[in-house]
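Pasted below: final-v9.cif, mmCIF, C-alpha atoms and all ligand atoms.
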```cif
data_run
loop_
_atom_site.group_PDB
_atom_site.id
_atom_site.type_symbol
_atom_site.label_atom_id
_atom_site.label_comp_id
_atom_site.auth_asym_id
_atom_site.auth_seq_id
_atom_site.Cartn_x
_atom_site.Cartn_y
_atom_site.Cartn_z
ATOM 1 C CA MET U 1 19.482 9.093 1.134
ATOM 2 C CA ALA U 2 16.618 6.759 0.298
ATOM 3 C CA LEU U 3 13.810 6.590 2.847
ATOM 4 C CA LEU U 4 13.354 2.879 2.146
ATOM 5 C CA LYS U 5 15.678 0.476 0.425
ATOM 6 C CA VAL U 6 15.096 -3.257 0.229
ATOM 7 C CA ASN U 7 17.467 -5.717 -1.330
ATOM 8 C CA ASN U 8 16.945 -9.174 -2.660
ATOM 9 C CA VAL U 9 13.656 -10.047 -0.973
ATOM 10 C CA ALA U 10 12.768 -13.730 -1.389
ATOM 11 C CA LYS U 11 9.764 -15.668 -0.173
ATOM 12 C CA SER U 12 8.410 -19.163 -0.797
ATOM 13 C CA PHE U 13 5.135 -20.720 0.263
ATOM 14 C CA ASP U 14 5.287 -24.475 0.792
ATOM 15 C CA GLY U 15 8.448 -24.711 -1.273
ATOM 16 C CA SER U 16 7.081 -22.657 -4.180
ATOM 17 C CA PRO U 17 9.000 -19.437 -4.735
ATOM 18 C CA VAL U 18 6.736 -16.401 -4.893
ATOM 19 C CA LEU U 19 9.375 -13.668 -4.651
ATOM 20 C CA ASN U 20 12.743 -14.287 -6.262
ATOM 21 C CA GLY U 21 14.990 -11.455 -5.197
ATOM 22 C CA VAL U 22 13.071 -8.198 -5.412
ATOM 23 C CA SER U 23 14.913 -4.947 -4.736
ATOM 24 C CA LEU U 24 13.517 -1.462 -4.482
ATOM 25 C CA SER U 25 14.656 1.982 -3.491
ATOM 26 C CA VAL U 26 12.161 4.656 -2.445
ATOM 27 C CA GLU U 27 12.962 8.318 -1.978
ATOM 28 C CA GLN U 28 10.896 10.574 0.194
ATOM 29 C CA GLY U 29 7.873 11.792 -1.778
ATOM 30 C CA ASP U 30 8.034 8.958 -4.296
ATOM 31 C CA VAL U 31 4.820 7.319 -5.397
ATOM 32 C CA ILE U 32 5.662 3.836 -6.611
ATOM 33 C CA ALA U 33 3.063 1.872 -8.562
ATOM 34 C CA ILE U 34 3.412 -1.908 -8.629
ATOM 35 C CA ILE U 35 1.506 -3.571 -11.425
ATOM 36 C CA GLY U 36 1.436 -7.107 -12.760
ATOM 37 C CA PRO U 37 -0.706 -10.173 -13.347
ATOM 38 C CA SER U 38 -2.578 -12.043 -10.638
ATOM 39 C CA GLY U 39 -0.344 -14.317 -8.591
ATOM 40 C CA GLY U 40 2.798 -12.388 -9.525
ATOM 41 C CA GLY U 41 3.706 -11.690 -5.904
ATOM 42 C CA LYS U 42 2.562 -8.066 -5.498
ATOM 43 C CA THR U 43 0.599 -8.557 -2.286
ATOM 44 C CA THR U 44 3.253 -10.843 -0.843
ATOM 45 C CA PHE U 45 5.930 -8.249 -1.516
ATOM 46 C CA LEU U 46 3.932 -5.459 0.133
ATOM 47 C CA ARG U 47 3.122 -7.669 3.114
ATOM 48 C CA CYS U 48 6.799 -8.554 3.515
ATOM 49 C CA LEU U 49 7.631 -4.832 3.572
ATOM 50 C CA ASN U 50 5.380 -4.378 6.595
ATOM 51 C CA PHE U 51 6.188 -7.785 8.149
ATOM 52 C CA LEU U 52 2.670 -9.107 7.760
ATOM 53 C CA GLU U 53 4.609 -11.938 6.079
ATOM 54 C CA THR U 54 8.144 -12.862 7.020
ATOM 55 C CA ALA U 55 10.498 -12.881 4.050
ATOM 56 C CA ASP U 56 12.878 -15.850 3.787
ATOM 57 C CA GLN U 57 15.620 -13.474 2.778
ATOM 58 C CA GLY U 58 16.182 -9.774 2.269
ATOM 59 C CA THR U 59 17.594 -6.668 3.845
ATOM 60 C CA MET U 60 15.817 -3.428 4.547
ATOM 61 C CA LYS U 61 17.069 0.037 5.224
ATOM 62 C CA PHE U 62 14.326 2.251 6.545
ATOM 63 C CA ASP U 63 14.618 5.692 8.017
ATOM 64 C CA GLY U 64 18.361 5.302 8.420
ATOM 65 C CA LYS U 65 18.367 1.894 10.121
ATOM 66 C CA SER U 66 19.205 -1.548 8.717
ATOM 67 C CA TYR U 67 17.189 -4.701 9.188
ATOM 68 C CA ASP U 68 17.491 -8.361 8.274
ATOM 69 C CA MET U 69 13.970 -9.031 7.017
ATOM 70 C CA ALA U 70 14.124 -12.765 7.694
ATOM 71 C CA HIS U 71 15.051 -12.257 11.337
ATOM 72 C CA MET U 72 13.103 -9.376 12.795
ATOM 73 C CA SER U 73 12.507 -9.010 16.511
ATOM 74 C CA SER U 74 9.078 -7.759 17.537
ATOM 75 C CA LYS U 75 10.794 -4.615 18.762
ATOM 76 C CA GLU U 76 12.246 -4.004 15.308
ATOM 77 C CA ILE U 77 8.905 -4.737 13.646
ATOM 78 C CA ASN U 78 7.169 -2.214 15.873
ATOM 79 C CA GLU U 79 9.905 0.322 15.249
ATOM 80 C CA VAL U 80 9.302 0.122 11.482
ATOM 81 C CA ARG U 81 5.506 -0.114 11.710
ATOM 82 C CA ARG U 82 5.362 2.950 13.889
ATOM 83 C CA HIS U 83 6.206 4.924 10.754
ATOM 84 C CA THR U 84 4.270 2.987 8.137
ATOM 85 C CA GLY U 85 0.619 2.715 7.190
ATOM 86 C CA PHE U 86 -1.114 -0.097 5.343
ATOM 87 C CA VAL U 87 -4.350 0.182 3.383
ATOM 88 C CA PHE U 88 -5.996 -3.135 2.531
ATOM 89 C CA GLN U 89 -8.190 -4.097 -0.384
ATOM 90 C CA ASN U 90 -11.050 -4.864 2.003
ATOM 91 C CA TYR U 91 -10.547 -1.878 4.307
ATOM 92 C CA ASN U 92 -10.179 -3.987 7.489
ATOM 93 C CA LEU U 93 -12.221 -1.611 9.626
ATOM 94 C CA PHE U 94 -13.585 -2.665 13.007
ATOM 95 C CA ARG U 95 -17.263 -3.368 12.333
ATOM 96 C CA ASN U 96 -18.330 -2.392 15.842
ATOM 97 C CA LYS U 97 -16.584 0.981 15.801
ATOM 98 C CA THR U 98 -17.547 4.255 14.144
ATOM 99 C CA ALA U 99 -15.378 5.966 11.546
ATOM 100 C CA LEU U 100 -13.891 8.209 14.220
ATOM 101 C CA GLN U 101 -13.309 5.321 16.628
ATOM 102 C CA ASN U 102 -11.590 3.360 13.870
ATOM 103 C CA VAL U 103 -9.260 6.280 13.246
ATOM 104 C CA THR U 104 -8.511 7.030 16.911
ATOM 105 C CA GLU U 105 -8.147 3.420 18.123
ATOM 106 C CA GLY U 106 -4.455 3.145 17.235
ATOM 107 C CA LEU U 107 -3.665 6.544 18.701
ATOM 108 C CA ILE U 108 -5.354 5.772 22.006
ATOM 109 C CA VAL U 109 -4.300 2.130 22.415
ATOM 110 C CA ALA U 110 -0.855 1.942 20.819
ATOM 111 C CA ARG U 111 0.278 5.549 21.291
ATOM 112 C CA LYS U 112 -1.414 6.099 24.647
ATOM 113 C CA MET U 113 -2.784 9.414 23.471
ATOM 114 C CA ASN U 114 -5.650 10.906 25.453
ATOM 115 C CA LYS U 115 -9.092 10.722 23.897
ATOM 116 C CA GLU U 116 -9.534 14.456 23.235
ATOM 117 C CA GLN U 117 -6.244 14.772 21.423
ATOM 118 C CA ALA U 118 -6.840 11.563 19.463
ATOM 119 C CA GLU U 119 -10.293 12.792 18.444
ATOM 120 C CA GLU U 120 -8.945 16.111 17.330
ATOM 121 C CA ILE U 121 -6.431 14.369 15.062
ATOM 122 C CA GLY U 122 -9.085 11.847 14.017
ATOM 123 C CA MET U 123 -11.512 14.564 12.917
ATOM 124 C CA ARG U 124 -8.767 16.345 11.027
ATOM 125 C CA MET U 125 -7.926 13.162 9.135
ATOM 126 C CA LEU U 126 -11.584 12.372 8.413
ATOM 127 C CA GLU U 127 -11.923 15.909 7.100
ATOM 128 C CA LYS U 128 -8.987 15.310 4.798
ATOM 129 C CA VAL U 129 -10.659 12.305 3.192
ATOM 130 C CA GLY U 130 -14.097 13.942 3.073
ATOM 131 C CA MET U 131 -15.589 11.832 5.869
ATOM 132 C CA ALA U 132 -15.975 14.398 8.662
ATOM 133 C CA ASP U 133 -19.755 14.474 8.283
ATOM 134 C CA ARG U 134 -19.902 10.710 8.751
ATOM 135 C CA ALA U 135 -17.582 10.444 11.739
ATOM 136 C CA ASN U 136 -20.212 8.643 13.799
ATOM 137 C CA HIS U 137 -21.237 6.149 11.152
ATOM 138 C CA TYR U 138 -20.437 2.465 11.482
ATOM 139 C CA PRO U 139 -18.886 0.597 8.531
ATOM 140 C CA SER U 140 -22.248 -1.061 7.792
ATOM 141 C CA GLN U 141 -23.651 2.431 7.235
ATOM 142 C CA MET U 142 -20.942 3.414 4.760
ATOM 143 C CA SER U 143 -20.358 2.704 1.084
ATOM 144 C CA GLY U 144 -17.186 0.855 0.116
ATOM 145 C CA GLY U 145 -15.608 4.119 -0.999
ATOM 146 C CA GLN U 146 -16.415 5.726 2.338
ATOM 147 C CA GLN U 147 -14.992 2.749 4.213
ATOM 148 C CA GLN U 148 -11.800 2.891 2.202
ATOM 149 C CA ARG U 149 -11.458 6.637 2.758
ATOM 150 C CA THR U 150 -11.897 5.997 6.486
ATOM 151 C CA ALA U 151 -9.166 3.354 6.302
ATOM 152 C CA ILE U 152 -6.895 5.918 4.639
ATOM 153 C CA ALA U 153 -7.692 8.423 7.405
ATOM 154 C CA ARG U 154 -6.761 5.750 9.941
ATOM 155 C CA ALA U 155 -3.398 5.247 8.253
ATOM 156 C CA LEU U 156 -2.801 9.013 8.059
ATOM 157 C CA ALA U 157 -3.570 9.527 11.739
ATOM 158 C CA GLN U 158 -0.338 7.737 12.629
ATOM 159 C CA SER U 159 1.724 10.337 10.680
ATOM 160 C CA PRO U 160 3.391 7.612 8.627
ATOM 161 C CA LYS U 161 6.545 8.192 6.610
ATOM 162 C CA ILE U 162 5.234 5.811 3.971
ATOM 163 C CA ILE U 163 1.859 4.227 3.215
ATOM 164 C CA TYR U 164 1.437 0.870 1.475
ATOM 165 C CA PHE U 165 -1.759 0.364 -0.525
ATOM 166 C CA ASP U 166 -2.759 -3.096 -1.743
ATOM 167 C CA GLU U 167 -5.288 -2.679 -4.572
ATOM 168 C CA PRO U 168 -7.244 -0.087 -2.592
ATOM 169 C CA THR U 169 -9.978 0.261 -5.211
ATOM 170 C CA SER U 170 -10.401 -3.237 -6.542
ATOM 171 C CA ALA U 171 -13.226 -4.176 -4.163
ATOM 172 C CA LEU U 172 -15.187 -1.048 -5.100
ATOM 173 C CA ASP U 173 -18.055 -0.558 -7.501
ATOM 174 C CA PRO U 174 -16.778 1.384 -10.514
ATOM 175 C CA GLU U 175 -18.609 4.578 -9.556
ATOM 176 C CA LEU U 176 -16.829 4.678 -6.176
ATOM 177 C CA ILE U 177 -13.282 4.168 -7.449
ATOM 178 C CA GLY U 178 -12.788 7.819 -8.382
ATOM 179 C CA GLU U 179 -13.375 9.248 -4.906
ATOM 180 C CA VAL U 180 -10.702 6.999 -3.398
ATOM 181 C CA LEU U 181 -8.190 7.649 -6.182
ATOM 182 C CA SER U 182 -8.828 11.353 -5.782
ATOM 183 C CA VAL U 183 -7.907 11.194 -2.074
ATOM 184 C CA MET U 184 -4.759 9.271 -2.994
ATOM 185 C CA ARG U 185 -3.905 11.804 -5.676
ATOM 186 C CA ASP U 186 -4.191 14.618 -3.118
ATOM 187 C CA LEU U 187 -1.860 12.745 -0.772
ATOM 188 C CA ALA U 188 0.652 12.270 -3.558
ATOM 189 C CA ASN U 189 0.492 15.977 -4.376
ATOM 190 C CA GLU U 190 1.156 16.799 -0.734
ATOM 191 C CA GLY U 191 4.333 14.746 -0.928
ATOM 192 C CA MET U 192 3.236 11.602 0.911
ATOM 193 C CA THR U 193 5.490 8.660 0.111
ATOM 194 C CA MET U 194 3.412 5.729 -1.104
ATOM 195 C CA ILE U 195 3.729 2.300 -2.660
ATOM 196 C CA VAL U 196 0.542 1.365 -4.475
ATOM 197 C CA VAL U 197 -0.282 -2.054 -5.873
ATOM 198 C CA THR U 198 -2.915 -1.328 -8.472
ATOM 199 C CA HIS U 199 -4.681 -2.347 -11.646
ATOM 200 C CA GLU U 200 -5.581 1.294 -12.274
ATOM 201 C CA LEU U 201 -3.073 1.950 -15.014
ATOM 202 C CA GLU U 202 -4.298 5.512 -15.613
ATOM 203 C CA PHE U 203 -3.658 6.287 -11.967
ATOM 204 C CA ALA U 204 -0.212 4.702 -12.163
ATOM 205 C CA LYS U 205 0.570 6.676 -15.313
ATOM 206 C CA GLN U 206 -0.649 10.029 -14.018
ATOM 207 C CA VAL U 207 0.164 9.953 -10.321
ATOM 208 C CA SER U 208 3.095 7.635 -9.696
ATOM 209 C CA SER U 209 6.686 8.712 -10.111
ATOM 210 C CA LYS U 210 7.876 5.210 -10.825
ATOM 211 C CA THR U 211 6.207 2.025 -12.048
ATOM 212 C CA ILE U 212 7.326 -1.513 -11.381
ATOM 213 C CA PHE U 213 6.056 -4.508 -13.336
ATOM 214 C CA LEU U 214 6.248 -7.578 -11.123
ATOM 215 C CA GLU U 215 5.623 -11.038 -12.512
ATOM 216 C CA GLY U 216 6.672 -14.481 -11.354
ATOM 217 C CA GLY U 217 8.287 -12.955 -8.295
ATOM 218 C CA VAL U 218 10.738 -10.805 -10.239
ATOM 219 C CA ILE U 219 10.762 -7.246 -11.502
ATOM 220 C CA VAL U 220 10.375 -7.621 -15.243
ATOM 221 C CA GLU U 221 10.678 -3.908 -15.939
ATOM 222 C CA GLU U 222 10.681 -0.664 -14.010
ATOM 223 C CA GLY U 223 11.151 2.976 -14.759
ATOM 224 C CA PRO U 224 9.883 6.513 -14.363
ATOM 225 C CA SER U 225 6.158 6.142 -15.006
ATOM 226 C CA LYS U 226 5.964 8.503 -17.984
ATOM 227 C CA GLU U 227 8.663 6.556 -19.821
ATOM 228 C CA PHE U 228 7.421 3.218 -18.595
ATOM 229 C CA PHE U 229 3.995 3.724 -20.152
ATOM 230 C CA ALA U 230 5.130 5.635 -23.221
ATOM 231 C CA HIS U 231 7.966 3.283 -24.175
ATOM 232 C CA PRO U 232 7.830 -0.069 -22.412
ATOM 233 C CA GLU U 233 10.951 -1.935 -23.451
ATOM 234 C CA ARG U 234 10.147 -5.555 -22.736
ATOM 235 C CA PRO U 235 7.770 -7.406 -25.060
ATOM 236 C CA ARG U 236 6.159 -8.956 -21.990
ATOM 237 C CA THR U 237 5.463 -5.521 -20.518
ATOM 238 C CA ARG U 238 3.895 -4.372 -23.786
ATOM 239 C CA GLU U 239 1.730 -7.466 -23.916
ATOM 240 C CA PHE U 240 0.580 -6.987 -20.316
ATOM 241 C CA LEU U 241 -0.284 -3.316 -20.870
ATOM 242 C CA ARG U 242 -2.184 -4.173 -24.029
ATOM 243 C CA LEU U 243 -4.182 -6.908 -22.265
ATOM 244 C CA GLU U 244 -4.992 -4.642 -19.321
ATOM 245 C CA GLU U 245 -6.227 -1.914 -21.631
ATOM 246 C CA THR U 246 -8.688 -4.279 -23.249
ATOM 247 C CA ARG U 247 -9.823 -5.798 -19.954
ATOM 248 C CA PHE U 248 -12.908 -3.599 -19.669
HETATM 249 N N1 LIG G 1 -0.347 -17.452 2.665
HETATM 250 C C1 LIG G 1 -0.094 -18.102 1.505
HETATM 251 N N2 LIG G 1 0.095 -19.440 1.491
HETATM 252 C C2 LIG G 1 0.381 -20.098 0.334
HETATM 253 N N3 LIG G 1 0.494 -19.500 -0.865
HETATM 254 C C3 LIG G 1 0.312 -18.166 -0.899
HETATM 255 C C4 LIG G 1 0.007 -17.399 0.269
HETATM 256 N N4 LIG G 1 -0.103 -16.096 -0.087
HETATM 257 C C5 LIG G 1 0.117 -16.055 -1.419
HETATM 258 N N5 LIG G 1 0.369 -17.296 -1.917
HETATM 259 C C6 LIG G 1 0.674 -17.606 -3.321
HETATM 260 O O1 LIG G 1 1.710 -16.752 -3.735
HETATM 261 C C7 LIG G 1 1.517 -16.337 -5.089
HETATM 262 C C8 LIG G 1 1.551 -14.834 -5.156
HETATM 263 O O2 LIG G 1 0.415 -14.328 -4.507
HETATM 264 P P1 LIG G 1 0.149 -12.779 -4.296
HETATM 265 O O3 LIG G 1 -1.088 -12.676 -3.501
HETATM 266 O O4 LIG G 1 1.352 -12.126 -3.750
HETATM 267 O O5 LIG G 1 -0.080 -12.290 -5.794
HETATM 268 P P2 LIG G 1 -0.624 -10.919 -6.358
HETATM 269 O O6 LIG G 1 0.353 -10.452 -7.369
HETATM 270 O O7 LIG G 1 -0.956 -10.008 -5.232
HETATM 271 O O8 LIG G 1 -1.966 -11.352 -7.124
HETATM 272 P P3 LIG G 1 -3.389 -10.592 -7.274
HETATM 273 O O9 LIG G 1 -3.223 -9.592 -8.388
HETATM 274 O O10 LIG G 1 -4.344 -11.686 -7.639
HETATM 275 O O11 LIG G 1 -3.721 -9.962 -5.962
HETATM 276 C C9 LIG G 1 0.214 -16.979 -5.531
HETATM 277 O O12 LIG G 1 0.522 -18.132 -6.259
HETATM 278 C C10 LIG G 1 -0.479 -17.289 -4.235
HETATM 279 O O13 LIG G 1 -1.320 -18.397 -4.391
HETATM 280 MG MG MG G 2 -2.699 -9.156 -4.511
#
```
Write-out of the structure in structure tokens:
Amino acid sequence: MALLKVNNVAKSFDGSPVLNGVSLSVEQGDVIAIIGPSGGGKTTFLRCLNFLETADQGTMKFDGKSYDMAHMSSKEINEVRRHTGFVFQNYNLFRNKTALQNVTEGLIVARKMNKEQAEEIGMRMLEKVGMADRANHYPSQMSGGQQQRTAIARALAQSPKIIYFDEPTSALDPELIGEVLSVMRDLANEGMTMIVVTHELEFAKQVSSKTIFLEGGVIVEEGPSKEFFAHPERPRTREFLRLEETRF
């Protein structure tokens, strides 16, 4: 049974459709890459999956339960979010908290965990992303790559069943991209289920199990990543891949 299945997600902003019926099925351990041109609806789709935006239409099955995405109660939203993590392009760390405090905050406040236990988990997660030696640093004392790895540790601390990443490396200087992708690659190898919106086509090709090309609010093409990149079927997909390759 799929861990996550969404059907026919639609969303408009001010009368302009941004998502026009997007469906997706995710098995446990899948790494799904979502690629596509700017404005295609990638962020909106990911945000709808975690109810940071409310879809106008769509159904979700997650962890064995069914939801009407357009009419979610706060109880239902919390029920889903309890098992999901979200990693933002700009890290979204608390500026006035250390790396460790950023990671433990959710455990202590939302999960009512005691401080010692939260810190033990927090240190374990910081270790996992190579940030244990900077546990007491504030975001202003970290590089972008370090901040993003801390944000990943924060997501991991909640033991999520799935993590959503929205262009996790696109705010980073080129020399810092690798360290974040390497942490994500390790997670994928450990079997973490992830949906990753990315412009890093090499990462999508090598690490993701499935790639989705989203443009104009619809899935233009999707498939197992090896096939997707080796033999894209749609002319539009081929054109996009060619343009992306020559972007740098
Ligand atoms: N809160 C909002 N209010 C109005 N329009 C929005 C809002 N959020 C997104 N849009 C519009 O929806 C469309 C899709 O945006 P979205 O951010 O999902 O694209 P994207 O594929 O993530 O693009 P990028 O690669 O640039 O991040 C765009 O035209 C955008 O201007
Ligand atoms: Mg986006």
| Residue with smallest distance to U:Thr44 - pool U:Lys97, U:Lys11, U:Arg149, U:Lys75, counting all atoms listed in the file |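 Residue with the minimum atom-to-atom distance to U:Thr44: U:Lys11.
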Against ligand MG 2 (chain G), which residues of chain U fall within 12 Å? For each one I want the closest pair of atoms and the distance in Å (one decimal), counting only C-alpha atoms and all ligand atoms, rows by chain and increasing residue number, as JSON lines.
```
{"residue": "U:Val18", "atom": "CA", "partner": "G:MG2", "partner_atom": "MG", "distance": 11.9}
{"residue": "U:Ile34", "atom": "CA", "partner": "G:MG2", "partner_atom": "MG", "distance": 10.3}
{"residue": "U:Ile35", "atom": "CA", "partner": "G:MG2", "partner_atom": "MG", "distance": 9.8}
{"residue": "U:Gly36", "atom": "CA", "partner": "G:MG2", "partner_atom": "MG", "distance": 9.5}
{"residue": "U:Pro37", "atom": "CA", "partner": "G:MG2", "partner_atom": "MG", "distance": 9.1}
{"residue": "U:Ser38", "atom": "CA", "partner": "G:MG2", "partner_atom": "MG", "distance": 6.8}
{"residue": "U:Gly39", "atom": "CA", "partner": "G:MG2", "partner_atom": "MG", "distance": 7.0}
{"residue": "U:Gly40", "atom": "CA", "partner": "G:MG2", "partner_atom": "MG", "distance": 8.1}
{"residue": "U:Gly41", "atom": "CA", "partner": "G:MG2", "partner_atom": "MG", "distance": 7.0}
{"residue": "U:Lys42", "atom": "CA", "partner": "G:MG2", "partner_atom": "MG", "distance": 5.5}
{"residue": "U:Thr43", "atom": "CA", "partner": "G:MG2", "partner_atom": "MG", "distance": 4.0}
{"residue": "U:Thr44", "atom": "CA", "partner": "G:MG2", "partner_atom": "MG", "distance": 7.2}
{"residue": "U:Phe45", "atom": "CA", "partner": "G:MG2", "partner_atom": "MG", "distance": 9.2}
{"residue": "U:Leu46", "atom": "CA", "partner": "G:MG2", "partner_atom": "MG", "distance": 8.9}
{"residue": "U:Arg47", "atom": "CA", "partner": "G:MG2", "partner_atom": "MG", "distance": 9.7}
{"residue": "U:Phe88", "atom": "CA", "partner": "G:MG2", "partner_atom": "MG", "distance": 9.8}
{"residue": "U:Gln89", "atom": "CA", "partner": "G:MG2", "partner_atom": "MG", "distance": 8.5}
{"residue": "U:Asn90", "atom": "CA", "partner": "G:MG2", "partner_atom": "MG", "distance": 11.4}
{"residue": "U:Phe165", "atom": "CA", "partner": "G:MG2", "partner_atom": "MG", "distance": 10.4}
{"residue": "U:Asp166", "atom": "CA", "partner": "G:MG2", "partner_atom": "MG", "distance": 6.7}
{"residue": "U:Glu167", "atom": "CA", "partner": "G:MG2", "partner_atom": "MG", "distance": 7.0}
{"residue": "U:Pro168", "atom": "CA", "partner": "G:MG2", "partner_atom": "MG", "distance": 10.3}
{"residue": "U:Thr169", "atom": "CA", "partner": "G:MG2", "partner_atom": "MG", "distance": 11.9}
{"residue": "U:Ser170", "atom": "CA", "partner": "G:MG2", "partner_atom": "MG", "distance": 9.9}
{"residue": "U:Ala171", "atom": "CA", "partner": "G:MG2", "partner_atom": "MG", "distance": 11.7}
{"residue": "U:Val196", "atom": "CA", "partner": "G:MG2", "partner_atom": "MG", "distance": 11.0}
{"residue": "U:Val197", "atom": "CA", "partner": "G:MG2", "partner_atom": "MG", "distance": 7.6}
{"residue": "U:Thr198", "atom": "CA", "partner": "G:MG2", "partner_atom": "MG", "distance": 8.8}
{"residue": "U:His199", "atom": "CA", "partner": "G:MG2", "partner_atom": "MG", "distance": 10.1}
{"residue": "U:Leu214", "atom": "CA", "partner": "G:MG2", "partner_atom": "MG", "distance": 11.2}
{"residue": "U:Glu215", "atom": "CA", "partner": "G:MG2", "partner_atom": "MG", "distance": 11.7}
```
Six-sided padding of 8 Å per side, axis-aligned box over ligand LIG 1 (chain G), centre and edges in Å, one decimal, as JSON:
```
{"center_x": -1.3, "center_y": -14.8, "center_z": -2.9, "size_x": 22.1, "size_y": 26.5, "size_z": 27.1}
```
| Answer as a ChimeraX atom specification, residues within 12 Å of (-5.1, 7.9, 18.3) using only C-alpha atoms | /U:100-125,153-159
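Among U:Gln148, U:Ser66, U:Ser23, U:Ser12, the residue with the shortest atom-to-atom distance to U:Phe86, counting all atoms listed in the file, is U:Gln148.
If you count only C-alpha atoms and ignore residues fewer than 4 places along the chain from U:Asp63, what sits within 9 Å of it is Ala2, Leu3, Leu4, Val80, His83 and Lys161 of chain U.
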Go ahead and save the residues from that selection, with C-alpha atoms, as a PDB file, in the coordinates of the input.
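Below is the file that was written, again_31.pdb:
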```pdb
ATOM      1  CA  ALA U   2      16.618   6.759   0.298  1.00  0.00           C
ATOM      2  CA  LEU U   3      13.810   6.590   2.847  1.00  0.00           C
ATOM      3  CA  LEU U   4      13.354   2.879   2.146  1.00  0.00           C
ATOM      4  CA  VAL U  80       9.302   0.122  11.482  1.00  0.00           C
ATOM      5  CA  HIS U  83       6.206   4.924  10.754  1.00  0.00           C
ATOM      6  CA  LYS U 161       6.545   8.192   6.610  1.00  0.00           C
TER       7      LYS U 161
END
```
| message | Report, in Å to a single decimal, how far apart atom CA of U:His137 and atom CA of U:Asp186 are. | response |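 Rounded to one decimal, the two atoms are 23.8 Å apart.
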| said: Using the chain letters and numbers from this file, what does the PyMOL selection byres (((chain U and resi 58) around 7) and not hetatm) select? Give the answer as a ChimeraX atom specification. | reply: /U:6-10,55,57,59-60,68-70
| query | Distance atom CA of U:Asn78-atom CA of U:Leu93, one decimal place? | reply |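 It comes out at 20.4 Å.
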| query | In Å, how far is it from atom CA of U:Ser209 to atom CA of U:Val31? | reply |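 Between atom CA of U:Ser209 and atom CA of U:Val31 the gap works out to 5.3 Å.
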| said: Counting only C-alpha atoms, find residues at most 10 Å from (-12.9, 5.1, -4.7) (file frame) and give them as JSON, numbers by chain. | reply: {"U": [143, 144, 145, 146, 147, 148, 149, 168, 169, 170, 171, 172, 173, 174, 175, 176, 177, 178, 179, 180, 181, 182, 183, 184]}
| request: Could you expand the PyMOL selection byres (((chain U and resi 210) around 6) and not hetatm) into the explicit residues it covers here, written as a list in words? | output: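 With the PyMOL selection byres (((chain U and resi 210) around 6) and not hetatm) on this model, the match is Ile32, Ser208, Ser209, Thr211, Gly223, Pro224 and Ser225 of chain U.
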| message | Here is a test: counting only C-alpha atoms and all ligand atoms, which residue of U:Pro139, U:Pro17, U:Gly85, U:Gly191 is nearest to ligand LIG 1 (chain G)? | response | U:Pro17
| request: Determine the nearest neighbour of U:Asn92 from the options U:Tyr138, U:Ala151, U:Lys128, U:Glu222, counting all atoms listed in the file. | output: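 That would be U:Ala151, the residue with the smallest distance to U:Asn92.
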